[in-house]
Amino acid sequence: MAAQGERADTHGPAPDEHVIVLFGATGDLARRKLLPGLFHLAKAGLLPARYRIIGSAPAQAALTEEEFRRHAREAVSTFGRSKAQGPQWQRFEESLSFGSADPDAYEPLVEAVESAERAIGGSPRRLFHLAVPPAAFASVIELLGTSKLAEGGRVIVEKPFGTDLPSARSLNETIHSVFDESRVFRIDHFLGKESVDNILALRFANGLLEPVWNRDHISHVQIDVPEHLSIEGRAAFFEGTGTFRDMIVTHLFQLMAFVAMEPPTALRAQALRDEKEKVFQSMRPLDPAQVVRGQYQGYRQEAGVDPESDTETFVALRVELDNWRWAGVPFYLRSGKALGAGRHVVTLGFREPVLRMFPMAAPEHVDNRTNELVIDFDDPGRILARFLAKVPGPSMRLAQAEMVFSYAESFNSMHALLGYERLILDAMLGDQSLFTRSDGIERLWEAATPLLQDPPPVLPYPVGSWGPQAAQELIAPYRWFLPEAD
Ligand code: BG6
C-alpha cells in the first residue's frame, strides 16, 4: 500500500482490501461514471485482491441484489469502456450487493456491510461514496455516524460543496462531526484528468518553463471550458445552481490553483494542498463589474425552467491574484453551456519582446495568437507552444508556427484512467493530493461573496455561439484562444 498521504503510483501495489458503499447507486452519476469506472479499475487490476461494492439508496428506491447487478451490467454496457462480459465481469458482478438506508432505518445497509466484511475476512477498509443530491448529504453523513458505519472509514463527497460561505461552513461542520478531514475526499473529477496532473510535471519537473512562469513574462492566463451540450434535462439541478457554482467554483478555480501555485515542498497531499490554499488566499474578492453572466436563448423554454429565470448558463470573469508571482496578471475564466464547441483549455499568453523589429507576414498568416502556451486537457490531452518563425524566402517575414506534444501520439495511453477512476483509486489509497480541502472551499466562497450578493444581469446569447459579446470585451486587448482558427 502507498504510504498515507503520498502520491500513489497507479501501476504500483493495489490498495488495501475494501468495502465500497455507493450511496445514490441508482442515480445518474453512479450509472454514467461510478459503476463503469469501478469496473474499469477492476479490469485494469487496480482494485484490491478482495473487495465488495454495496449499492445503497433509501428504502423506497431499494433494489434487490439481482436488480442491482442487472442495473450495473446495463450501466457498464451503456457507458463503460470495457464490456460487461467474460470472467472479469463475472467476478465484478459477484462483488455487488445492495443495502438500503434511511436516517431511521439503516439496518439493511449495516447487514450488507457486515456480510461483505465477513466474506472478505480480516479488517477491510470502508469507503463511502456520496453520489447523492445536496439535500441528502447531511442525512447520509448523520446516518453513517449514528449507525457507527463511519468508524475508520473514508468518505468521498460530491460537489456542490455548498452554495455560498454559510452553507459551505455548515456542510463542513456536518461532515467533520462524523469524519475528520484526513478521511474526507471532496471529489472534483477535473483534477483526475491526466493533463491536469501533467501541469505539475510540466512546471516542476522541467527547467524550461518554471523560470518564465510569472508576471515578468506572462501577460495573462485563460482557463476556458466551453461546453457544446446544453443542460440536457437537468433543469431541477441547474436552475438552483447555474454555471458559476456548477463549473467555476468547483472546477475552474481548482485548475487555476494548479496553474498559479508556488512549487510545493514535496509531492505530498499536505504540501500540494497548502500551496493551492495560498492561491485561494491571495485571490481578490470577485468584482461583479469584471463578470459577464449569460443565458443561452431558449433556456427559459426548457422543461422545468422558470420562464423568467435569472440563472446563468455562461460565465466569463477576471480574477486577480495578489501575490508576488502574479500581481497585475489577469486570469480570465470562462465556461458555458450550448456554446460553439466542447473544450478544456488553459492558455498562458507571454509578453511581447520589448522591441518588435520584424516585419510581419500578411495578416491571414498571423492571428495574434502567437507567443502562447496552450494546455489542452481534453482527454487524452495536448500541449502546444505557439510562436513566430521566419517564412522561408529571401525576405525576413514572420508567421505563426506551432510545436505540439500530444498524449495520444507520444504515449501508450492503455493505462490511462478517467478522472473518476483515478480519484476513486486515490481515495482508496488514502492520497488526498487531488481533493479539495475544507479551508480552500470556504475561502473560495468568501471571495465569491460580492458576486453572489450583486450579480450582473444575465445577457442572452445564441445557441452555438461563444457567449455574449461582453465576454470578448472583458478580455480585451487580449482574445480568447477559442475558437481556434481552422
Ligand atoms: C460537471 C458539471 O461537474 O462537469 C456538468 O455538473 C458539466 O454541468 C461537467 O457538464 C463537465 O465535465 P467534463 O469532464 O465532461 O468536461
# chains A, B, ... in the order shown; residues from 1 in each chain; ligands from 1
>>> residues_near_ligand(ligand="ligand 1", cutoff="8 Å", atoms="only C-alpha atoms and all ligand atoms", output="PyMOL selection string")
chain A and resi 159+188-190+225+227+229+231+238+243+246-247+250-251+337+342-344+378+419
>>> write_last_selection(atoms="C-alpha atoms", output="JSON list (two decimals), in the first residue's frame")
[["chain", "number", "residue", "atom", "x", "y", "z"],
["A", 159, "LYS", "CA", -19.99, 18.67, -5.31],
["A", 188, "ASP", "CA", -13.56, 17.20, -8.48],
["A", 189, "HIS", "CA", -13.29, 14.95, -11.48],
["A", 190, "PHE", "CA", -11.37, 17.61, -13.46],
["A", 225, "VAL", "CA", -14.09, 25.26, -20.57],
["A", 227, "GLU", "CA", -19.43, 23.07, -23.41],
["A", 229, "LEU", "CA", -24.09, 20.44, -24.60],
["A", 231, "ILE", "CA", -28.48, 21.44, -19.65],
["A", 238, "PHE", "CA", -29.24, 23.58, -12.86],
["A", 243, "THR", "CA", -22.65, 27.88, -14.23],
["A", 246, "ASP", "CA", -21.50, 24.28, -11.15],
["A", 247, "MET", "CA", -18.29, 24.94, -13.08],
["A", 250, "THR", "CA", -15.96, 23.63, -8.47],
["A", 251, "HIS", "CA", -13.65, 23.07, -11.41],
["A", 337, "LYS", "CA", -23.45, 25.57, -21.94],
["A", 342, "GLY", "CA", -16.84, 21.49, -26.02],
["A", 343, "ARG", "CA", -13.20, 22.01, -24.99],
["A", 344, "HIS", "CA", -10.92, 22.26, -21.95],
["A", 378, "ASP", "CA", -9.44, 17.18, -23.35],
["A", 419, "GLY", "CA", -10.97, 11.39, -13.86]]
>>> select_by_dssp(residues="range 315-485 of chain A", states="strand (DSSP E or B)", output="ChimeraX atom specification")
/A:315-319,321,331-336,339,345-350,360,372-376,382-390,398-406,436,458-461,465
>>> atom_distance(atom1="CA of Glu17 in chain A", atom2="CA of Gly45 in chain A")
13.1 Å
>>> select_by_dssp(residues="range 310-424 of chain A", states="alpha helix (DSSP H)", output="list in words")
Tyr407, Ala408, Glu409, Ser410, Gly419, Tyr420, Glu421, Arg422, Leu423 and Ile424 of chain A
>>> closest_residue(among="A:Ala236, A:Ala201, A:Leu165, A:Leu321", to="Gln453 in chain A", atoms="only C-alpha atoms")
A:Leu165
>>> atom_distance(atom1="CA of Leu202 in chain A", atom2="CA of Phe185 in chain A")
25.3 Å
>>> residues_around(residues="Thr313 in chain A", least_positions_apart="5", cutoff="10 Å", atoms="only C-alpha atoms", output="list in words")
Ser230, Ile231, Phe238, Glu239, Thr241, Gly242, Thr243, Phe244, Asp246, Met247, Arg293, Gly294, Gln295, Tyr296, Gln297, Tyr299, Ser335, Gly336, Lys337, Ala338, Leu339, Val458, Leu459, Pro460, Tyr461 and Gly467 of chain A
>>> residues_around(residues="Met428 in chain A", least_positions_apart="2", cutoff="8 Å", atoms="only C-alpha atoms", output="PyMOL selection string")
chain A and resi 15-16+18+127+424-426+430-431
>>> residues_around(residues="Asp454 in chain A", least_positions_apart="6", cutoff="10 Å", atoms="only C-alpha atoms", output="list in words")
Asp287, Pro288 and Ala289 of chain A
>>> closest_residue(among="A:Gln222, A:Ser95, A:Thr146, A:Gln60", to="Val345 in chain A", atoms="only C-alpha atoms")
A:Gln222
>>> closest_residue(among="A:Leu434, A:Arg351, A:Arg300, A:Ala101", to="Leu255 in chain A", atoms="only C-alpha atoms")
A:Leu434
>>> residues_around(residues="Arg31 in chain A", least_positions_apart="4", cutoff="10 Å", atoms="only C-alpha atoms", output="ChimeraX atom specification")
/A:24-27,35-37,71-76,78-80
>>> write_last_selection(atoms="all heavy atoms", output="mmCIF file, in the first residue's frame")
data_model
loop_
_atom_site.group_PDB
_atom_site.id
_atom_site.type_symbol
_atom_site.label_atom_id
_atom_site.label_comp_id
_atom_site.auth_asym_id
_atom_site.auth_seq_id
_atom_site.Cartn_x
_atom_site.Cartn_y
_atom_site.Cartn_z
ATOM 1 N N GLY A 24 -26.659 6.539 -3.492
ATOM 2 C CA GLY A 24 -27.124 7.092 -4.776
ATOM 3 C C GLY A 24 -26.826 6.111 -5.896
ATOM 4 O O GLY A 24 -26.598 6.493 -7.044
ATOM 5 N N ALA A 25 -26.834 4.809 -5.554
ATOM 6 C CA ALA A 25 -26.411 3.778 -6.511
ATOM 7 C C ALA A 25 -27.320 3.677 -7.726
ATOM 8 O O ALA A 25 -26.913 3.159 -8.760
ATOM 9 C CB ALA A 25 -26.349 2.430 -5.798
ATOM 10 N N THR A 26 -28.554 4.168 -7.585
ATOM 11 C CA THR A 26 -29.462 4.069 -8.735
ATOM 12 C C THR A 26 -29.502 5.384 -9.512
ATOM 13 O O THR A 26 -30.239 5.517 -10.480
ATOM 14 C CB THR A 26 -30.901 3.732 -8.252
ATOM 15 O OG1 THR A 26 -31.270 4.722 -7.284
ATOM 16 C CG2 THR A 26 -30.963 2.365 -7.624
ATOM 17 N N GLY A 27 -28.712 6.360 -9.090
ATOM 18 C CA GLY A 27 -28.749 7.686 -9.718
ATOM 19 C C GLY A 27 -27.899 7.765 -10.981
ATOM 20 O O GLY A 27 -27.208 6.813 -11.373
ATOM 21 N N LEU A 35 -20.148 3.223 -11.629
ATOM 22 C CA LEU A 35 -20.142 1.775 -11.851
ATOM 23 C C LEU A 35 -19.222 1.412 -13.036
ATOM 24 O O LEU A 35 -18.373 0.522 -12.898
ATOM 25 C CB LEU A 35 -21.577 1.259 -12.045
ATOM 26 C CG LEU A 35 -22.407 1.278 -10.747
ATOM 27 C CD1 LEU A 35 -23.899 1.153 -11.015
ATOM 28 C CD2 LEU A 35 -21.950 0.168 -9.793
ATOM 29 N N PRO A 36 -19.328 2.132 -14.180
ATOM 30 C CA PRO A 36 -18.377 1.815 -15.252
ATOM 31 C C PRO A 36 -16.921 2.047 -14.821
ATOM 32 O O PRO A 36 -16.037 1.274 -15.176
ATOM 33 C CB PRO A 36 -18.765 2.791 -16.378
ATOM 34 C CG PRO A 36 -20.196 3.139 -16.111
ATOM 35 C CD PRO A 36 -20.344 3.115 -14.617
ATOM 36 N N GLY A 37 -16.699 3.090 -14.028
ATOM 37 C CA GLY A 37 -15.331 3.391 -13.592
ATOM 38 C C GLY A 37 -14.789 2.308 -12.665
ATOM 39 O O GLY A 37 -13.642 1.889 -12.789
ATOM 40 N N HIS A 71 -28.679 -3.690 -13.007
ATOM 41 C CA HIS A 71 -28.508 -2.242 -13.179
ATOM 42 C C HIS A 71 -27.044 -1.926 -13.530
ATOM 43 O O HIS A 71 -26.745 -1.148 -14.444
ATOM 44 C CB HIS A 71 -28.910 -1.555 -11.868
ATOM 45 C CG HIS A 71 -28.698 -0.076 -11.840
ATOM 46 N ND1 HIS A 71 -29.511 0.806 -12.493
ATOM 47 C CD2 HIS A 71 -27.729 0.673 -11.227
ATOM 48 C CE1 HIS A 71 -29.068 2.043 -12.291
ATOM 49 N NE2 HIS A 71 -28.003 1.989 -11.532
ATOM 50 N N ALA A 72 -26.122 -2.558 -12.804
ATOM 51 C CA ALA A 72 -24.689 -2.309 -13.044
ATOM 52 C C ALA A 72 -24.294 -2.804 -14.436
ATOM 53 O O ALA A 72 -23.536 -2.135 -15.153
ATOM 54 C CB ALA A 72 -23.852 -3.002 -11.974
ATOM 55 N N ARG A 73 -24.818 -3.953 -14.824
ATOM 56 C CA ARG A 73 -24.474 -4.505 -16.148
ATOM 57 C C ARG A 73 -24.927 -3.539 -17.239
ATOM 58 O O ARG A 73 -24.215 -3.246 -18.190
ATOM 59 C CB ARG A 73 -25.150 -5.870 -16.328
ATOM 60 C CG ARG A 73 -24.511 -6.704 -17.429
ATOM 61 C CD ARG A 73 -25.152 -8.087 -17.528
ATOM 62 N NE ARG A 73 -25.358 -8.705 -16.216
ATOM 63 C CZ ARG A 73 -26.475 -9.360 -15.850
ATOM 64 N NH1 ARG A 73 -27.491 -9.471 -16.694
ATOM 65 N NH2 ARG A 73 -26.580 -9.887 -14.653
ATOM 66 N N GLU A 74 -26.146 -3.021 -17.059
ATOM 67 C CA GLU A 74 -26.684 -2.095 -18.067
ATOM 68 C C GLU A 74 -25.843 -0.810 -18.089
ATOM 69 O O GLU A 74 -25.493 -0.290 -19.156
ATOM 70 C CB GLU A 74 -28.153 -1.791 -17.712
ATOM 71 C CG GLU A 74 -28.908 -0.942 -18.723
ATOM 72 C CD GLU A 74 -28.739 0.566 -18.497
ATOM 73 O OE1 GLU A 74 -28.471 0.986 -17.339
ATOM 74 O OE2 GLU A 74 -28.843 1.319 -19.477
ATOM 75 N N ALA A 75 -25.459 -0.330 -16.900
ATOM 76 C CA ALA A 75 -24.668 0.904 -16.827
ATOM 77 C C ALA A 75 -23.317 0.712 -17.521
ATOM 78 O O ALA A 75 -22.876 1.548 -18.312
ATOM 79 C CB ALA A 75 -24.448 1.298 -15.361
ATOM 80 N N VAL A 76 -22.667 -0.407 -17.232
ATOM 81 C CA VAL A 76 -21.339 -0.649 -17.818
ATOM 82 C C VAL A 76 -21.467 -0.845 -19.333
ATOM 83 O O VAL A 76 -20.664 -0.326 -20.113
ATOM 84 C CB VAL A 76 -20.665 -1.859 -17.134
ATOM 85 C CG1 VAL A 76 -19.401 -2.271 -17.868
ATOM 86 C CG2 VAL A 76 -20.355 -1.523 -15.684
ATOM 87 N N THR A 78 -23.703 0.406 -21.296
ATOM 88 C CA THR A 78 -24.056 1.654 -21.974
ATOM 89 C C THR A 78 -22.932 2.686 -21.903
ATOM 90 O O THR A 78 -22.652 3.355 -22.885
ATOM 91 C CB THR A 78 -25.326 2.269 -21.334
ATOM 92 O OG1 THR A 78 -26.280 1.222 -21.170
ATOM 93 C CG2 THR A 78 -25.925 3.367 -22.194
ATOM 94 N N PHE A 79 -22.291 2.814 -20.741
ATOM 95 C CA PHE A 79 -21.360 3.933 -20.580
ATOM 96 C C PHE A 79 -19.894 3.507 -20.393
ATOM 97 O O PHE A 79 -19.016 4.361 -20.347
ATOM 98 C CB PHE A 79 -21.767 4.797 -19.376
ATOM 99 C CG PHE A 79 -23.120 5.426 -19.547
ATOM 100 C CD1 PHE A 79 -24.227 4.945 -18.855
ATOM 101 C CD2 PHE A 79 -23.300 6.487 -20.427
ATOM 102 C CE1 PHE A 79 -25.481 5.521 -19.017
ATOM 103 C CE2 PHE A 79 -24.545 7.064 -20.606
ATOM 104 C CZ PHE A 79 -25.638 6.572 -19.902
ATOM 105 N N GLY A 80 -19.656 2.209 -20.261
ATOM 106 C CA GLY A 80 -18.291 1.781 -19.927
ATOM 107 C C GLY A 80 -17.387 1.668 -21.139
ATOM 108 O O GLY A 80 -17.834 1.549 -22.270
#
>>> atom_distance(atom1="CA of Arg70 in chain A", atom2="CA of Phe39 in chain A")
13.8 Å
>>> residues_around(residues="Pro483 in chain A", least_positions_apart="2", cutoff="10 Å", atoms="only C-alpha atoms", output="list in words")
Pro226, Gly340, Ala341, Arg343, Ser465, Trp466, Arg479, Trp480, Phe481, Ala485 and Asp486 of chain A
>>> closest_residue(among="A:Arg118, A:Arg50, A:Arg443, A:Arg69", to="Phe280 in chain A", atoms="only C-alpha atoms")
A:Arg443
